[in-house]
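**Student:** Next up, coords-v6.csv (CSV, C-alpha atoms).
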```
chain,number,residue,atom,x,y,z
H,294,MET,CA,180.3,221.2,32.4
H,295,THR,CA,180.6,222.3,35.9
H,296,SER,CA,177.1,223.7,35.9
H,297,MET,CA,175.8,220.3,34.8
H,298,VAL,CA,177.6,218.3,37.5
H,299,ASN,CA,176.4,220.2,40.5
H,300,PRO,CA,172.6,219.6,39.9
H,301,ARG,CA,173.2,215.9,39.4
H,302,ARG,CA,175.1,215.7,42.7
H,303,CYS,CA,172.4,217.6,44.4
H,304,ALA,CA,169.7,215.3,43.0
H,305,LEU,CA,171.8,212.2,44.0
H,306,GLY,CA,172.2,213.6,47.5
H,307,GLY,CA,168.5,214.3,47.7
H,308,ALA,CA,167.7,210.8,46.6
H,309,ILE,CA,170.0,209.2,49.1
H,310,LEU,CA,168.5,211.4,51.9
H,311,LEU,CA,164.9,210.4,50.8
H,312,ALA,CA,165.9,206.7,50.8
H,313,GLY,CA,167.3,207.0,54.3
H,314,CYS,CA,164.1,208.7,55.5
H,315,LEU,CA,162.0,205.9,53.9
H,316,LEU,CA,164.2,203.3,55.5
H,317,LEU,CA,163.8,204.8,59.0
H,318,THR,CA,160.1,205.1,58.5
H,319,ALA,CA,159.8,201.4,57.5
H,320,CYS,CA,161.9,200.4,60.5
H,321,ALA,CA,159.7,202.3,62.8
H,322,GLY,CA,156.5,200.9,61.2
H,323,GLY,CA,157.9,197.4,61.5
H,324,GLY,CA,158.6,197.9,65.2
H,325,ALA,CA,155.1,199.2,65.8
H,326,SER,CA,153.6,196.4,63.9
H,327,SER,CA,155.7,193.8,65.7
H,328,ALA,CA,154.6,195.3,69.0
H,329,SER,CA,151.0,195.3,67.9
H,330,SER,CA,151.3,191.7,66.8
H,331,ALA,CA,152.9,190.7,70.1
H,332,ALA,CA,150.1,192.4,72.0
H,333,THR,CA,147.6,190.6,69.8
H,334,ALA,CA,149.4,187.3,70.1
H,335,ALA,CA,149.2,187.1,73.8
H,336,PRO,CA,145.4,187.1,74.0
H,337,ALA,CA,145.2,184.9,71.0
H,338,GLY,CA,147.3,182.3,72.8
H,339,LEU,CA,144.6,182.3,75.4
H,340,GLY,CA,142.0,181.9,72.8
H,341,VAL,CA,140.5,185.4,73.2
H,342,PRO,CA,140.7,188.0,70.5
H,343,HIS,CA,142.2,191.4,71.3
H,344,SER,CA,138.8,193.2,71.1
H,345,ALA,CA,137.2,190.6,73.3
H,346,ALA,CA,140.0,191.0,75.8
H,347,GLY,CA,139.5,194.7,75.8
H,348,LYS,CA,135.8,194.3,76.4
H,349,ALA,CA,136.5,191.7,79.2
H,350,ALA,CA,138.9,194.1,80.8
H,351,THR,CA,136.4,196.9,80.6
H,352,GLY,CA,133.7,194.6,81.9
H,353,SER,CA,135.8,193.6,84.9
H,354,ALA,CA,136.6,197.2,85.6
H,355,ARG,CA,132.9,198.0,85.5
H,356,ALA,CA,132.1,195.0,87.7
H,357,SER,CA,134.6,196.0,90.3
H,358,GLY,CA,133.1,199.5,90.3
H,359,THR,CA,129.6,198.1,90.6
H,360,GLY,CA,130.8,195.9,93.5
H,361,LEU,CA,132.1,198.9,95.3
H,362,THR,CA,128.9,200.8,94.7
H,363,THR,CA,126.8,197.8,95.9
H,364,GLY,CA,128.9,197.6,99.1
H,365,LEU,CA,128.1,201.2,99.8
H,366,THR,CA,124.3,200.8,99.1
H,367,PRO,CA,122.4,199.4,102.1
H,368,ALA,CA,120.8,196.0,101.4
H,369,ASN,CA,117.1,195.4,101.6
H,370,GLN,CA,116.0,194.8,105.2
H,371,SER,CA,113.0,193.0,106.7
H,372,ILE,CA,111.6,194.9,109.7
H,373,ILE,CA,108.6,194.3,111.9
H,374,TYR,CA,106.9,197.6,112.9
H,375,THR,CA,104.7,197.7,116.0
H,376,ALA,CA,103.0,200.5,117.8
H,377,ALA,CA,100.7,200.9,120.8
H,378,VAL,CA,98.5,204.0,121.2
H,379,THR,CA,96.1,205.0,124.1
H,380,ILE,CA,93.5,207.7,123.4
H,381,ARG,CA,90.9,209.3,125.5
H,382,ALA,CA,87.8,209.9,123.4
H,383,GLY,CA,84.4,211.4,124.2
H,384,ASP,CA,82.6,208.7,122.2
H,385,VAL,CA,84.8,205.6,122.0
H,386,ALA,CA,82.4,203.8,119.6
H,387,ALA,CA,82.4,206.6,117.1
H,388,THR,CA,86.2,206.9,117.4
H,389,ALA,CA,86.5,203.2,116.8
H,390,ARG,CA,84.5,203.5,113.6
H,391,ARG,CA,86.7,206.4,112.4
H,392,ILE,CA,89.9,204.3,113.1
H,393,THR,CA,88.4,201.4,111.1
H,394,ARG,CA,87.8,203.7,108.2
H,395,ILE,CA,91.3,205.1,108.3
H,396,ALA,CA,92.9,201.6,108.3
H,397,GLN,CA,90.7,200.4,105.5
H,398,ALA,CA,91.4,203.5,103.4
H,399,ALA,CA,95.2,202.7,103.7
H,400,GLY,CA,94.6,199.1,102.6
H,401,GLY,CA,94.7,197.7,106.1
H,402,TYR,CA,92.3,195.7,108.2
H,403,ILE,CA,91.1,195.0,111.7
H,404,SER,CA,92.7,191.8,113.1
H,405,ALA,CA,91.1,192.0,116.6
H,406,GLU,CA,88.6,194.1,118.5
H,407,ASN,CA,87.3,193.9,122.1
H,408,ALA,CA,85.1,196.2,124.2
H,409,GLY,CA,84.3,196.3,127.9
H,410,SER,CA,83.7,198.4,130.9
H,411,ALA,CA,86.6,200.4,132.4
H,412,SER,CA,85.6,199.9,136.0
H,413,PRO,CA,84.0,197.1,138.1
H,414,GLY,CA,80.8,199.1,138.4
H,415,GLY,CA,80.5,199.4,134.6
H,416,THR,CA,80.7,203.2,134.6
H,417,GLY,CA,83.4,203.5,132.0
H,418,GLU,CA,83.9,202.1,128.5
H,419,THR,CA,87.0,200.9,126.7
H,420,ILE,CA,87.6,199.5,123.2
H,421,GLY,CA,90.8,197.8,122.1
H,422,ILE,CA,91.5,197.5,118.4
H,423,THR,CA,94.4,195.8,116.7
H,424,LEU,CA,95.1,197.1,113.2
H,425,LYS,CA,97.2,195.7,110.4
H,426,ILE,CA,98.6,198.5,108.2
H,427,PRO,CA,100.7,198.1,105.0
H,428,VAL,CA,104.3,199.1,105.8
H,429,PRO,CA,104.5,201.8,103.1
H,430,SER,CA,101.4,203.5,104.6
H,431,TYR,CA,102.4,203.0,108.2
H,432,PRO,CA,104.0,206.4,109.0
H,433,ALA,CA,101.1,208.4,107.5
H,434,VAL,CA,98.4,206.2,109.2
H,435,LEU,CA,100.1,206.4,112.5
H,436,ALA,CA,100.2,210.2,112.3
H,437,GLN,CA,96.4,210.1,111.7
H,438,LEU,CA,95.8,207.7,114.5
H,439,SER,CA,97.7,209.9,117.0
H,440,SER,CA,96.2,213.2,115.8
H,441,PRO,CA,94.1,215.3,118.2
H,442,ALA,CA,91.1,214.9,115.9
H,443,LEU,CA,90.5,211.4,117.4
H,444,GLY,CA,91.0,212.4,121.0
H,445,LYS,CA,93.7,213.2,123.6
H,446,GLN,CA,96.7,210.9,123.2
H,447,LEU,CA,97.6,209.4,126.6
H,448,SER,CA,100.5,207.3,125.6
H,449,MET,CA,102.2,206.0,122.5
H,450,LYS,CA,105.0,203.4,122.0
H,451,GLN,CA,106.7,202.4,118.8
H,452,GLN,CA,109.1,199.5,118.1
H,453,ALA,CA,111.0,198.2,115.0
H,454,SER,CA,112.6,194.8,115.0
H,455,ASP,CA,115.1,193.8,112.3
H,456,VAL,CA,114.4,190.2,111.2
H,457,THR,CA,116.5,190.3,108.0
H,458,GLN,CA,118.7,187.4,109.1
H,459,GLU,CA,115.8,185.3,110.2
H,460,VAL,CA,114.0,185.8,106.9
H,461,ALA,CA,117.1,184.9,105.0
H,462,ASN,CA,117.6,181.8,107.1
H,463,VAL,CA,114.1,180.6,106.6
H,464,ASN,CA,114.2,181.3,102.8
H,465,SER,CA,117.5,179.3,102.6
H,466,LEU,CA,116.1,176.4,104.5
H,467,VAL,CA,113.0,176.3,102.3
H,468,THR,CA,115.1,176.2,99.2
H,469,SER,CA,117.4,173.5,100.6
H,470,GLN,CA,114.4,171.4,101.7
H,471,GLN,CA,112.8,171.7,98.3
H,472,ASP,CA,116.0,170.6,96.6
H,473,ALA,CA,116.3,167.6,99.0
H,474,ILE,CA,112.8,166.5,98.2
H,475,ALA,CA,113.4,166.8,94.5
H,476,ALA,CA,116.6,164.7,94.8
H,477,LEU,CA,114.7,162.0,96.8
H,478,GLU,CA,112.0,161.9,94.2
H,479,GLY,CA,114.7,161.2,91.7
H,480,LEU,CA,116.0,158.3,93.8
H,481,LEU,CA,112.4,157.1,94.2
H,482,ARG,CA,112.1,156.4,90.5
H,483,HIS,CA,115.3,154.4,90.6
H,484,ALA,CA,114.7,152.4,93.8
H,485,ALA,CA,116.2,148.9,93.4
H,486,SER,CA,114.1,147.1,96.1
H,487,VAL,CA,110.9,147.5,98.1
H,488,ALA,CA,113.0,148.3,101.2
H,489,ASP,CA,114.7,151.1,99.4
H,490,LEU,CA,111.4,152.4,98.1
H,491,LEU,CA,109.8,152.5,101.5
H,492,GLN,CA,112.9,154.2,103.1
H,493,VAL,CA,112.9,156.9,100.4
H,494,GLN,CA,109.2,157.5,100.8
H,495,GLN,CA,109.5,157.8,104.5
H,496,GLN,CA,112.3,160.3,104.1
H,497,ILE,CA,110.3,162.3,101.6
H,498,SER,CA,107.3,162.4,104.0
H,499,THR,CA,109.6,163.6,106.8
H,500,ASP,CA,111.1,166.3,104.6
H,501,GLU,CA,107.7,167.4,103.4
H,502,THR,CA,106.5,167.9,107.0
H,503,THR,CA,109.6,170.0,107.7
H,504,LEU,CA,109.0,172.0,104.5
H,505,ASN,CA,105.4,172.7,105.4
H,506,SER,CA,106.5,174.1,108.8
H,507,LEU,CA,109.2,176.2,107.1
H,508,LEU,CA,106.6,177.5,104.6
H,509,ALA,CA,104.3,178.5,107.4
H,510,GLN,CA,107.1,180.4,109.1
H,511,GLN,CA,107.9,182.1,105.8
H,512,ARG,CA,104.3,183.1,105.3
H,513,ALA,CA,104.1,184.5,108.9
H,514,LEU,CA,107.3,186.5,108.5
H,515,ASN,CA,106.1,187.8,105.1
H,516,GLY,CA,102.9,188.9,106.8
H,517,GLU,CA,104.6,190.6,109.7
H,518,THR,CA,107.1,192.4,107.6
H,519,SER,CA,104.5,193.5,105.0
H,520,TYR,CA,102.0,194.8,107.6
H,521,ALA,CA,102.7,196.9,110.6
H,522,THR,CA,100.7,196.1,113.8
H,523,VAL,CA,99.1,199.0,115.6
H,524,SER,CA,97.3,198.4,119.0
H,525,MET,CA,94.8,201.1,119.8
H,526,MET,CA,93.2,201.5,123.3
H,527,LEU,CA,90.3,203.9,123.5
H,528,VAL,CA,89.1,205.0,126.9
H,529,SER,CA,86.2,207.2,127.9
H,530,PRO,CA,86.7,210.5,129.8
H,531,HIS,CA,84.9,209.0,132.9
H,532,HIS,CA,87.4,206.2,133.1
H,533,ALA,CA,90.3,208.6,132.6
H,534,GLY,CA,89.0,210.9,135.2
H,535,LEU,CA,88.7,208.1,137.8
H,536,ALA,CA,92.2,207.0,137.0
H,537,GLY,CA,93.7,210.4,137.4
H,538,LYS,CA,91.6,211.5,140.4
H,539,PRO,CA,93.8,212.3,143.5
H,540,ALA,CA,93.0,210.7,146.8
H,541,HIS,CA,91.3,212.9,149.4
H,542,HIS,CA,92.2,212.5,153.1
H,543,SER,CA,89.4,213.3,155.7
H,544,PHE,CA,87.7,211.9,158.8
H,545,LEU,CA,85.0,210.3,156.6
H,546,THR,CA,87.6,208.7,154.4
H,547,GLY,CA,89.3,207.2,157.4
H,548,LEU,CA,86.1,206.1,158.9
H,549,LEU,CA,85.1,204.3,155.7
H,550,GLY,CA,88.5,202.8,155.4
H,551,GLY,CA,88.4,201.5,159.0
H,552,TRP,CA,84.9,200.1,158.5
H,553,ARG,CA,86.0,198.3,155.4
H,554,ALA,CA,89.0,196.9,157.3
H,555,LEU,CA,86.7,195.8,160.1
H,556,ARG,CA,84.4,194.0,157.7
H,557,HIS,CA,87.4,192.3,156.1
H,558,ALA,CA,88.8,191.3,159.5
H,559,ALA,CA,85.4,190.0,160.7
H,560,GLY,CA,85.1,188.0,157.5
H,561,TRP,CA,88.5,186.4,158.0
H,562,VAL,CA,87.7,185.6,161.6
H,563,ALA,CA,84.3,184.1,160.7
H,564,THR,CA,86.0,182.0,158.0
H,565,ALA,CA,88.6,180.8,160.4
H,566,LEU,CA,86.0,179.8,163.0
H,567,GLY,CA,83.9,178.0,160.4
H,568,ALA,CA,86.9,176.0,159.3
H,569,ALA,CA,87.9,175.1,162.8
H,570,LEU,CA,84.4,174.3,164.1
H,571,PRO,CA,84.3,170.6,162.9
H,572,PHE,CA,87.6,170.0,164.6
H,573,VAL,CA,86.4,171.7,167.8
H,574,ILE,CA,83.2,169.5,167.9
H,575,LEU,CA,85.2,166.4,167.4
H,576,ILE,CA,87.7,167.3,170.1
H,577,ALA,CA,84.9,168.2,172.5
H,578,ALA,CA,83.1,164.9,172.0
H,579,LEU,CA,86.3,162.9,172.5
H,580,GLY,CA,87.0,164.9,175.6
H,581,ALA,CA,83.5,164.4,177.1
H,582,ALA,CA,83.7,160.6,176.4
H,583,GLY,CA,87.2,160.4,178.0
H,584,TYR,CA,86.0,162.5,181.1
H,585,ALA,CA,82.9,160.3,181.6
H,586,GLY,CA,85.1,157.2,181.5
H,587,TRP,CA,87.6,158.6,183.9
H,588,ARG,CA,84.7,159.5,186.4
H,589,ARG,CA,83.3,156.0,186.3
H,590,TYR,CA,86.8,154.5,186.9
H,591,ALA,CA,87.3,156.9,189.8
H,592,ARG,CA,84.0,155.9,191.5
H,593,ARG,CA,84.8,152.2,191.2
H,594,ARG,CA,88.1,152.7,192.9
H,595,ALA,CA,86.6,154.8,195.7
H,596,THR,CA,83.9,152.1,196.6
H,597,GLY,CA,86.5,149.3,196.6
H,598,PRO,CA,85.8,145.6,196.1
H,599,PRO,CA,82.6,144.1,197.7
H,600,ALA,CA,83.0,142.5,201.2
H,601,ALA,CA,83.2,138.6,201.4
H,602,ALA,CA,80.2,136.9,203.0
```
Could you quickly redo this structure as structure tokens?
**Tutor:**
Amino acid sequence: MTSMVNPRRCALGGAILLAGCLLLTACAGGGASSASSAATAAPAGLGVPHSAAGKAATGSARASGTGLTTGLTPANQSIIYTAAVTIRAGDVAATARRITRIAQAAGGYISAENAGSASPGGTGETIGITLKIPVPSYPAVLAQLSSPALGKQLSMKQQASDVTQEVANVNSLVTSQQDAIAALEGLLRHAASVADLLQVQQQISTDETTLNSLLAQQRALNGETSYATVSMMLVSPHHAGLAGKPAHHSFLTGLLGGWRALRHAAGWVATALGAALPFVILIAALGAAGYAGWRRYARRRATGPPAAA
């Protein structure tokens, strides 16, 4: 009998222990489910599902990270590049043709060209060329234009002007002006009287004139920022030699300098005399007439009045 009671008690105790474990597990699961339902209820109250809220949170986190990255990345800039190069070349005409080919090969063009003599006597030759080079090709083309293959570089000057703010302002003004014209055209269709119609048409005409001016500025800025300007000056060796020739001091040099000074002085004196001659003649004529009158008056006083009969 005793051997039968002990197994039953053990089974009963095991059952009670198992029931307690199940109860604890159920309580824990209920707490977790209530917590999960509470977490889900809060976004649902806002009209956003839990998964959408998670995606929104992830998206905002990514957006904030992108904003930080964008802040660290330099924005696009609008820069005007200009350069001026002076080269001494043996054959300036041939060098000018080579420069033209270099510019055209890079997608550029010649915007201006002029040629002339380097000295008053016409013994030297110079050629000035203004090139327009696409900005992406500007560094490579400038390196070719300043290479010794074209001639000896006498001078070079580069400059970069940042016009990002000016470009942004012009673009903003163009957009605003276009929106204003569109709004006025909408009012034009609903004009109530002839006076209102004329007033709106006049304002549209004024705004279109302003818009055309802004569009011209926009095109000019786009051209200046898309193409770099390179001014080339080609001089012949004869001109460069005259420019760099030191002055020699000698007796002959002094004599020639004095003779030139004498000629200049004589020319100034002759010019002054020529300018004063009409006044001298007029003064002399007036003086002679006055002197003749004074002599006649003096003789009359000396003879006295005629005696009475």
**Student:** Between CA of Ile420 (chain H) and CA of Lys450 (chain H), what is the distance in Å, rounded to a tenth?
**Tutor:**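 Going from CA of Ile420 (chain H) over to CA of Lys450 (chain H) covers 17.9 Å.
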**Student:** Can you work out the spacing between CA of Ala433 (chain H) and CA of Tyr374 (chain H) in Å, to one decimal?
**Tutor:** 13.4 Å
**Student:** Between CA of Glu501 (chain H) and CA of Ala484 (chain H), what is the spacing in Å?
**Tutor:**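 Computing it gives 19.1 Å between the two atoms.
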**Student:** Pick the closest to Met449 (chain H) from H:Ser404, H:Gln494, H:Thr379, H:Thr468: which is it, counting only C-alpha atoms?
**Tutor:**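 Selected residue with least distance to Met449 (chain H): H:Thr379.
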**Student:** Which of these, H:Gly444, H:Gly401, H:Pro530, H:Gly516, has the shortest distance to Leu424 (chain H) once you count only C-alpha atoms?
**Tutor:**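 Ranking H:Gly444, H:Gly401, H:Pro530, H:Gly516 by distance to Leu424 (chain H), first place goes to H:Gly401.
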**Student:** Please provide the set of residues having any atom within 12 Å of region 458-464 of chain H, restricted to all atoms listed in the file, with same-chain residues fewer than 4 positions apart removed, written as a compact mmCIF listing (two decimals) with C-alpha atoms, in the frame of the given file.
**Tutor:**
```
# COMPACT_ATOMS: atom_id res chain seq x y z
CA ALA H 368 120.80 196.00 101.40
CA ASN H 369 117.10 195.40 101.60
CA GLN H 370 116.00 194.80 105.20
CA SER H 371 113.00 193.00 106.70
CA ILE H 372 111.60 194.90 109.70
CA ILE H 373 108.60 194.30 111.90
CA SER H 454 112.60 194.80 115.00
CA THR H 468 115.10 176.20 99.20
CA SER H 469 117.40 173.50 100.60
CA GLN H 470 114.40 171.40 101.70
CA GLN H 471 112.80 171.70 98.30
CA THR H 503 109.60 170.00 107.70
CA LEU H 504 109.00 172.00 104.50
CA ASN H 505 105.40 172.70 105.40
CA SER H 506 106.50 174.10 108.80
CA LEU H 507 109.20 176.20 107.10
CA LEU H 508 106.60 177.50 104.60
CA ALA H 509 104.30 178.50 107.40
CA GLN H 510 107.10 180.40 109.10
CA GLN H 511 107.90 182.10 105.80
CA ARG H 512 104.30 183.10 105.30
CA ALA H 513 104.10 184.50 108.90
CA LEU H 514 107.30 186.50 108.50
CA ASN H 515 106.10 187.80 105.10
CA GLY H 516 102.90 188.90 106.80
CA GLU H 517 104.60 190.60 109.70
CA THR H 518 107.10 192.40 107.60
```
**Student:** With distances taken over all atoms listed in the file, which residue among H:Thr522, H:Ala442, H:Val493, H:Arg482 lies nearest Pro427 (chain H)?
**Tutor:**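 Smallest separation from Pro427 (chain H) among the options: H:Thr522.
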**Student:** Would you please work out which residue, of H:Thr423, H:Ala453, H:Val528, H:Pro441, is nearest to Asp384 (chain H) when using only C-alpha atoms?
**Tutor:**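 Among the listed residues, H:Val528 lies closest to Asp384 (chain H).
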**Student:** So which residues touch Gln437 (chain H) within 12 Å, counting all atoms listed in the file, skipping near sequence neighbours fewer than 2 positions away, as a ChimeraX atom specification?
**Tutor:** /H:378,391-396,398-399,430-435,439-444,446
